[in-house]
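Report on the structure given below.
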Amino acid sequence: MSVDQIPIGKFSFMTRLSQKALRLYDRKGLLVPEAKDPFTGYRYYTVSQLEQGMKIKTLCFLGFSLEDISRFFDAESKGDFGYIGAGFRKKLEQTRLEIGQLQKIEGILQGACKHNGKVVELFKMSVTEPVIKEIPELRVISKREKGTFAVTIGKLIGEICTCVGSPENQRNRVKVTGPVMFLCHDEEYKETGADIEIALPVSGRISVEDPKMEVKTLPAIRAVSVVYRGPYPGVEAGYNRIFSYARENRLETLSPSRELYFNDPADVPEEELMTEVQIPVREK
C-alpha cells in the first residue's frame, strides 16, 4: 500500500460516508477506489478523492438521486456547467413547492390541535348549506392549459391579472367585475396534466396580446353552491356537501365545476380563505 492510499475504513471516517454507501458508489461508478487488493478485494482511496466524496454527500443531502449526481459529474467533466446550474434551479423550484406544501400541512395540524385531534371537526371546517343559484352569463378574460394544481392555478392567475393591469387596459378603464375563478374540465382528479382554466370577469375594451388568452362569455348555469372557509387543501369538504345534496335531491351534476376565490392567501391567514364552489346541475 502506497503512502497516499487510504483504507476504506479510514476514508469512511474522514468523509462521514458509510462503507455500505462507498461500496454502492463504487458499483455506480461515482467514486471508484484508486486501488483494490487483488486477493481480499479491500478498497483503497486517495486524498484527491476526498473532494469527490464530499461532493456526493452534499448532493445527496440536497435531495439529488445518484442518477442525477452521475449526470452532473459527466457534465462537469465536459465543462457543461449550464446543465448543472439548470439542475440546481429545478431542484430549488421543487424545494419551494415542498416548503409551501409543508406550511399548509402545518396550518392544518395547528387547526387539528385546536379541535383536540377531532379529525371530523377539522375537515368540516366551515361549509355553508348548499343553495341552488341561477348564475347569469359572465364576460371574462380566461386562459386554459394543462398542468398541476399547485403550480398552474397560481401561474394563470398571475398572467391574467398582469394583462388586466397593463397600462393600455388601465387607460381603457378595464374593470374587474367579480372574483377570479378556476374551472375544472376534468371528470377525475389528476396529479399532473389537469385541464385547468382560470377566468376573471371584466368589463371594458380589453387588449390581449397572449394568443392563449381570450375574452369570452361563460354560459349561464344553474348550480348548487356552497361557500367553504379554510385552507385550500380542505376544499373537498365543499364538493362533498354539494354531491350529497345533489344525490338527495335527484340532481345530475355537470362540468366544468367552478371555484371562486374571494380573498388572497397573501393577505389573510389560511383559515380565513373564502372559496365558493359551484357545480352545474340539472334534473334527472
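All residue names refer to the C-alpha cells as shown: chains lettered A, B, ... in order, residues numbered from 1 in each chain, ligands numbered from 1 in order.
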
Among range 46-168 of chain A, which residues carry a DSSP assignment of helix (DSSP H, G or I), reported as a short mmCIF file (atom, residue, chain, number, x, y, z; two decimals) with N, CA and C atoms, in the first residue's frame?
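Saved result, part_8.cif, follows:
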data_model
loop_
_atom_site.label_atom_id
_atom_site.label_comp_id
_atom_site.auth_asym_id
_atom_site.auth_seq_id
_atom_site.Cartn_x
_atom_site.Cartn_y
_atom_site.Cartn_z
N GLN A 49 -9.46 12.00 -3.70
CA GLN A 49 -10.83 11.53 -3.82
C GLN A 49 -11.73 12.01 -2.68
N LEU A 50 -11.12 12.64 -1.67
CA LEU A 50 -11.93 13.16 -0.57
C LEU A 50 -12.93 14.20 -1.07
N GLU A 51 -12.49 15.05 -1.98
CA GLU A 51 -13.37 16.10 -2.50
C GLU A 51 -14.56 15.49 -3.24
N GLN A 52 -14.29 14.45 -4.03
CA GLN A 52 -15.37 13.78 -4.76
C GLN A 52 -16.38 13.18 -3.78
N GLY A 53 -15.87 12.59 -2.70
CA GLY A 53 -16.76 12.03 -1.70
C GLY A 53 -17.64 13.10 -1.06
N MET A 54 -17.06 14.26 -0.77
CA MET A 54 -17.83 15.33 -0.16
C MET A 54 -18.86 15.90 -1.13
N LYS A 55 -18.52 15.93 -2.43
CA LYS A 55 -19.49 16.39 -3.43
C LYS A 55 -20.72 15.47 -3.44
N ILE A 56 -20.46 14.17 -3.44
CA ILE A 56 -21.57 13.20 -3.46
C ILE A 56 -22.42 13.37 -2.21
N LYS A 57 -21.77 13.50 -1.05
CA LYS A 57 -22.51 13.63 0.20
C LYS A 57 -23.38 14.88 0.20
N THR A 58 -22.84 15.99 -0.29
CA THR A 58 -23.58 17.25 -0.33
C THR A 58 -24.76 17.16 -1.28
N LEU A 59 -24.54 16.59 -2.46
CA LEU A 59 -25.62 16.50 -3.44
C LEU A 59 -26.72 15.56 -2.97
N CYS A 60 -26.35 14.48 -2.28
CA CYS A 60 -27.36 13.59 -1.70
C CYS A 60 -28.17 14.32 -0.64
N PHE A 61 -27.50 15.12 0.19
CA PHE A 61 -28.19 15.90 1.21
C PHE A 61 -29.18 16.87 0.59
N LEU A 66 -28.76 9.40 -7.15
CA LEU A 66 -27.44 9.01 -7.65
C LEU A 66 -27.38 9.14 -9.16
N GLU A 67 -28.49 8.94 -9.84
CA GLU A 67 -28.52 9.12 -11.30
C GLU A 67 -28.29 10.59 -11.64
N ASP A 68 -28.93 11.49 -10.88
CA ASP A 68 -28.71 12.93 -11.10
C ASP A 68 -27.24 13.27 -10.89
N ILE A 69 -26.66 12.76 -9.81
CA ILE A 69 -25.27 13.06 -9.48
C ILE A 69 -24.34 12.55 -10.57
N SER A 70 -24.63 11.36 -11.09
CA SER A 70 -23.80 10.81 -12.16
C SER A 70 -23.83 11.72 -13.38
N ARG A 71 -25.05 12.23 -13.70
CA ARG A 71 -25.17 13.14 -14.86
C ARG A 71 -24.43 14.46 -14.59
N PHE A 72 -24.47 14.94 -13.34
CA PHE A 72 -23.75 16.16 -13.00
C PHE A 72 -22.24 15.97 -13.20
N PHE A 73 -21.72 14.84 -12.72
CA PHE A 73 -20.29 14.58 -12.85
C PHE A 73 -19.88 14.46 -14.32
N ASP A 74 -20.75 13.85 -15.11
CA ASP A 74 -20.47 13.74 -16.54
C ASP A 74 -20.44 15.11 -17.19
N ALA A 75 -21.41 15.96 -16.80
CA ALA A 75 -21.44 17.32 -17.35
C ALA A 75 -20.23 18.12 -16.89
N GLU A 76 -19.83 17.92 -15.62
CA GLU A 76 -18.67 18.63 -15.09
C GLU A 76 -17.41 18.25 -15.86
N SER A 77 -17.27 16.97 -16.20
CA SER A 77 -16.09 16.53 -16.94
C SER A 77 -16.04 17.13 -18.34
N PHE A 81 -21.31 23.41 -17.41
CA PHE A 81 -21.81 23.88 -16.12
C PHE A 81 -23.22 24.45 -16.24
N GLY A 82 -23.65 24.78 -17.44
CA GLY A 82 -25.02 25.24 -17.65
C GLY A 82 -26.02 24.16 -17.30
N TYR A 83 -25.69 22.90 -17.62
CA TYR A 83 -26.57 21.77 -17.29
C TYR A 83 -26.71 21.63 -15.78
N ILE A 84 -25.58 21.76 -15.08
CA ILE A 84 -25.61 21.63 -13.62
C ILE A 84 -26.43 22.76 -13.01
N GLY A 85 -26.23 23.98 -13.51
CA GLY A 85 -26.99 25.12 -13.00
C GLY A 85 -28.48 24.95 -13.20
N ALA A 86 -28.86 24.41 -14.37
CA ALA A 86 -30.28 24.17 -14.65
C ALA A 86 -30.85 23.14 -13.68
N GLY A 87 -30.05 22.13 -13.36
CA GLY A 87 -30.48 21.11 -12.41
C GLY A 87 -30.69 21.69 -11.02
N PHE A 88 -29.80 22.60 -10.61
CA PHE A 88 -29.94 23.25 -9.31
C PHE A 88 -31.20 24.13 -9.28
N ARG A 89 -31.46 24.85 -10.36
CA ARG A 89 -32.64 25.72 -10.39
C ARG A 89 -33.93 24.91 -10.33
N LYS A 90 -33.95 23.77 -11.02
CA LYS A 90 -35.13 22.90 -10.98
C LYS A 90 -35.35 22.37 -9.56
N LYS A 91 -34.27 21.96 -8.91
CA LYS A 91 -34.38 21.46 -7.54
C LYS A 91 -34.85 22.56 -6.59
N LEU A 92 -34.39 23.78 -6.81
CA LEU A 92 -34.81 24.91 -5.99
C LEU A 92 -36.32 25.14 -6.13
N GLU A 93 -36.82 25.06 -7.36
CA GLU A 93 -38.25 25.24 -7.59
C GLU A 93 -39.05 24.13 -6.89
N GLN A 94 -38.59 22.89 -7.01
CA GLN A 94 -39.26 21.78 -6.34
C GLN A 94 -39.25 21.95 -4.83
N THR A 95 -38.12 22.44 -4.30
CA THR A 95 -37.99 22.62 -2.86
C THR A 95 -38.96 23.69 -2.37
N ARG A 96 -39.09 24.76 -3.13
CA ARG A 96 -40.03 25.83 -2.74
C ARG A 96 -41.46 25.31 -2.72
N LEU A 97 -41.81 24.47 -3.70
CA LEU A 97 -43.15 23.89 -3.71
C LEU A 97 -43.37 22.99 -2.49
N GLU A 98 -42.34 22.22 -2.14
CA GLU A 98 -42.44 21.33 -0.98
C GLU A 98 -42.58 22.14 0.31
N ILE A 99 -41.84 23.26 0.38
CA ILE A 99 -41.94 24.12 1.56
C ILE A 99 -43.36 24.66 1.69
N GLY A 100 -43.93 25.09 0.56
CA GLY A 100 -45.30 25.60 0.57
C GLY A 100 -46.28 24.54 1.04
N GLN A 101 -46.09 23.30 0.56
CA GLN A 101 -46.97 22.21 0.97
C GLN A 101 -46.82 21.91 2.46
N LEU A 102 -45.59 21.93 2.95
CA LEU A 102 -45.35 21.68 4.37
C LEU A 102 -45.96 22.78 5.24
N GLN A 103 -45.93 24.02 4.75
CA GLN A 103 -46.55 25.11 5.50
C GLN A 103 -48.06 24.93 5.57
N LYS A 104 -48.66 24.42 4.49
CA LYS A 104 -50.10 24.15 4.50
C LYS A 104 -50.42 23.04 5.50
N ILE A 105 -49.57 22.00 5.50
CA ILE A 105 -49.77 20.90 6.45
C ILE A 105 -49.66 21.42 7.88
N GLU A 106 -48.69 22.31 8.11
CA GLU A 106 -48.52 22.89 9.44
C GLU A 106 -49.78 23.62 9.88
N GLY A 107 -50.38 24.40 8.95
CA GLY A 107 -51.58 25.13 9.29
C GLY A 107 -52.75 24.21 9.63
N ILE A 108 -52.89 23.13 8.85
CA ILE A 108 -53.97 22.18 9.11
C ILE A 108 -53.77 21.48 10.45
N LEU A 109 -52.52 21.11 10.74
CA LEU A 109 -52.24 20.44 12.01
C LEU A 109 -52.47 21.37 13.20
N GLN A 110 -52.19 22.66 13.01
CA GLN A 110 -52.47 23.62 14.08
C GLN A 110 -53.97 23.68 14.34
N GLY A 111 -54.75 23.61 13.24
CA GLY A 111 -56.21 23.58 13.39
C GLY A 111 -56.66 22.31 14.10
N ALA A 112 -56.00 21.19 13.79
CA ALA A 112 -56.35 19.93 14.43
C ALA A 112 -56.09 19.99 15.93
N CYS A 113 -55.00 20.66 16.31
CA CYS A 113 -54.70 20.80 17.74
C CYS A 113 -55.78 21.61 18.44
N LYS A 114 -56.30 22.63 17.75
CA LYS A 114 -57.36 23.45 18.35
C LYS A 114 -58.64 22.65 18.55
N VAL A 119 -60.70 14.64 13.97
CA VAL A 119 -60.49 14.75 12.53
C VAL A 119 -61.75 15.20 11.80
N VAL A 120 -62.89 14.71 12.23
CA VAL A 120 -64.14 15.10 11.57
C VAL A 120 -64.35 16.60 11.66
N GLU A 121 -64.13 17.16 12.85
CA GLU A 121 -64.31 18.59 13.02
C GLU A 121 -63.29 19.36 12.18
N LEU A 122 -62.09 18.84 12.07
CA LEU A 122 -61.04 19.50 11.30
C LEU A 122 -61.45 19.68 9.86
N PHE A 123 -61.97 18.62 9.23
CA PHE A 123 -62.26 18.71 7.81
C PHE A 123 -63.66 19.25 7.50
N LYS A 124 -64.49 19.35 8.53
CA LYS A 124 -65.74 20.08 8.30
C LYS A 124 -65.41 21.55 8.07
N PHE A 149 -52.17 21.46 -10.16
CA PHE A 149 -52.95 22.48 -9.47
C PHE A 149 -52.04 23.46 -8.73
N ALA A 150 -51.03 22.93 -8.03
CA ALA A 150 -50.19 23.77 -7.18
C ALA A 150 -49.47 24.85 -7.96
N VAL A 151 -49.09 24.54 -9.20
CA VAL A 151 -48.31 25.49 -10.00
C VAL A 151 -49.19 26.26 -10.97
N THR A 152 -50.04 25.56 -11.71
CA THR A 152 -50.73 26.16 -12.84
C THR A 152 -51.78 27.19 -12.44
N ILE A 153 -52.55 26.93 -11.39
CA ILE A 153 -53.58 27.88 -10.99
C ILE A 153 -52.97 29.23 -10.65
N GLY A 154 -51.95 29.24 -9.80
CA GLY A 154 -51.30 30.50 -9.43
C GLY A 154 -50.65 31.18 -10.61
N LYS A 155 -50.04 30.39 -11.48
CA LYS A 155 -49.38 30.95 -12.67
C LYS A 155 -50.38 31.66 -13.57
N LEU A 156 -51.51 31.01 -13.85
CA LEU A 156 -52.51 31.60 -14.75
C LEU A 156 -53.17 32.82 -14.13
N ILE A 157 -53.43 32.77 -12.82
CA ILE A 157 -53.99 33.95 -12.15
C ILE A 157 -53.05 35.13 -12.30
N GLY A 158 -51.76 34.90 -12.09
CA GLY A 158 -50.78 35.97 -12.22
C GLY A 158 -50.74 36.55 -13.62
N GLU A 159 -50.79 35.68 -14.64
CA GLU A 159 -50.73 36.15 -16.02
C GLU A 159 -51.97 36.96 -16.39
N ILE A 160 -53.14 36.52 -15.94
CA ILE A 160 -54.37 37.24 -16.26
C ILE A 160 -54.41 38.59 -15.54
N CYS A 161 -54.03 38.62 -14.27
CA CYS A 161 -54.02 39.88 -13.53
C CYS A 161 -53.02 40.87 -14.13
N THR A 162 -51.88 40.36 -14.59
CA THR A 162 -50.89 41.22 -15.25
C THR A 162 -51.47 41.83 -16.52
N CYS A 163 -52.20 41.02 -17.29
CA CYS A 163 -52.82 41.52 -18.52
C CYS A 163 -53.84 42.62 -18.21
N VAL A 164 -54.73 42.36 -17.25
CA VAL A 164 -55.76 43.35 -16.90
C VAL A 164 -55.12 44.64 -16.38
N PRO A 167 -50.75 48.93 -18.70
CA PRO A 167 -51.04 50.36 -18.90
C PRO A 167 -52.14 50.60 -19.93
N GLU A 168 -52.14 49.86 -21.03
CA GLU A 168 -53.16 50.06 -22.06
C GLU A 168 -54.55 49.75 -21.53
#

Q.
I need the residue nearest Lys212 in chain A from this list: A:Met274, A:Ala194, A:Ile141, A:Leu260. Use only C-alpha atoms for the distance.
A.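 Ranked by minimum distance to Lys212 in chain A, first place goes to A:Ile141.
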
Q. Between A:Arg139, A:Asn169, A:Asn249, A:Thr217, which has the minimum distance to Val202 in chain A (counting only C-alpha atoms)?
A.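 Using only C-alpha atoms, Val202 in chain A sits closest to A:Arg139.
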
**Q.** Pick from A:Val176, A:Ala266, A:Val127, A:Ala246, whichever lies nearest to Gly204 in chain A using only C-alpha atoms
**A.** A:Val176

**Q.** Sel. of strand (DSSP E) residues, range 163-203 of chain A, as a list in words
**A.**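 DSSP-assigned strand (DSSP E) residues in range 163-203 of chain A: Lys175, Val176, Val180, Met181, Phe182, Leu183, Cys184, Ala194, Asp195, Ile196, Glu197, Ile198, Ala199, Leu200, Pro201, Val202 and Ser203 of chain A.
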
(Q) List as a list in words the protein and nucleic acid residues near Gln278 in chain A, meaning an atom at most 10 Å away when only C-alpha atoms are counted, but skip any in the same chain fewer than 3 places from it. (A)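 Residues meeting the cut-off are Pro130, Val131, Ile132, Lys133, Ile135, Leu183, Ile221, Arg222, Ala223, Val224, Ser225, Val226, Val227, Gly238, Tyr239, Ile242, Ser255, Pro256, Ser257, Arg258, Glu259, Leu260, Thr275 and Val281 of chain A.
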
Create the file for the chosen residues now, containing C-alpha atoms and written as an mmCIF file, in the first residue's frame.
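Writing the result to selection23.cif gives the following:
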data_model
loop_
_atom_site.group_PDB
_atom_site.id
_atom_site.type_symbol
_atom_site.label_atom_id
_atom_site.label_comp_id
_atom_site.auth_asym_id
_atom_site.auth_seq_id
_atom_site.Cartn_x
_atom_site.Cartn_y
_atom_site.Cartn_z
ATOM 1 C CA PRO A 130 -75.970 24.194 -0.240
ATOM 2 C CA VAL A 131 -78.184 26.533 -2.260
ATOM 3 C CA ILE A 132 -79.299 26.437 -5.886
ATOM 4 C CA LYS A 133 -78.274 29.557 -7.792
ATOM 5 C CA ILE A 135 -75.891 32.265 -12.463
ATOM 6 C CA LEU A 183 -62.905 25.995 -13.963
ATOM 7 C CA ILE A 221 -75.774 27.968 -15.469
ATOM 8 C CA ARG A 222 -77.992 26.572 -12.742
ATOM 9 C CA ALA A 223 -75.647 25.415 -9.994
ATOM 10 C CA VAL A 224 -75.529 24.105 -6.461
ATOM 11 C CA SER A 225 -73.291 26.404 -4.449
ATOM 12 C CA VAL A 226 -71.551 26.339 -1.083
ATOM 13 C CA VAL A 227 -69.009 28.664 0.473
ATOM 14 C CA GLY A 238 -67.394 21.749 -0.133
ATOM 15 C CA TYR A 239 -67.571 19.294 -3.022
ATOM 16 C CA ILE A 242 -72.669 19.526 -2.890
ATOM 17 C CA SER A 255 -68.977 20.034 -15.608
ATOM 18 C CA PRO A 256 -66.995 22.195 -15.558
ATOM 19 C CA SER A 257 -67.209 22.970 -11.859
ATOM 20 C CA ARG A 258 -66.188 26.425 -10.707
ATOM 21 C CA GLU A 259 -64.217 27.634 -7.698
ATOM 22 C CA LEU A 260 -64.438 31.366 -6.924
ATOM 23 C CA THR A 275 -63.887 29.813 -1.649
ATOM 24 C CA VAL A 281 -76.807 20.667 -12.153
#

Q: Measuring atom to atom with only C-alpha atoms, identify which of A:Asp267, A:Glu145, A:Glu209, A:Glu134 is nearest to Ile279 in chain A.
A: A:Glu134

(Q) Please compute the CA of Pro7 in chain A-CA of Ala21 in chain A distance, one decimal, in Å. (A)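 Calculated distance between CA of Pro7 in chain A and CA of Ala21 in chain A is 14.7 Å.
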
Q. In Å to one decimal, how far is CA of Gly193 in chain A from CA of Lys146 in chain A?
A.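 Between CA of Lys146 in chain A and CA of Gly193 in chain A the gap works out to 4.9 Å.
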
Q) By how many Å are CA of Arg173 in chain A and CA of Arg205 in chain A apart? A) 7.8 Å

Q.
I'd like to know which of A:Ser166, A:Gly41, A:Val215, A:Asp210 is closest to Leu138 in chain A, using only C-alpha atoms.
A. A:Val215
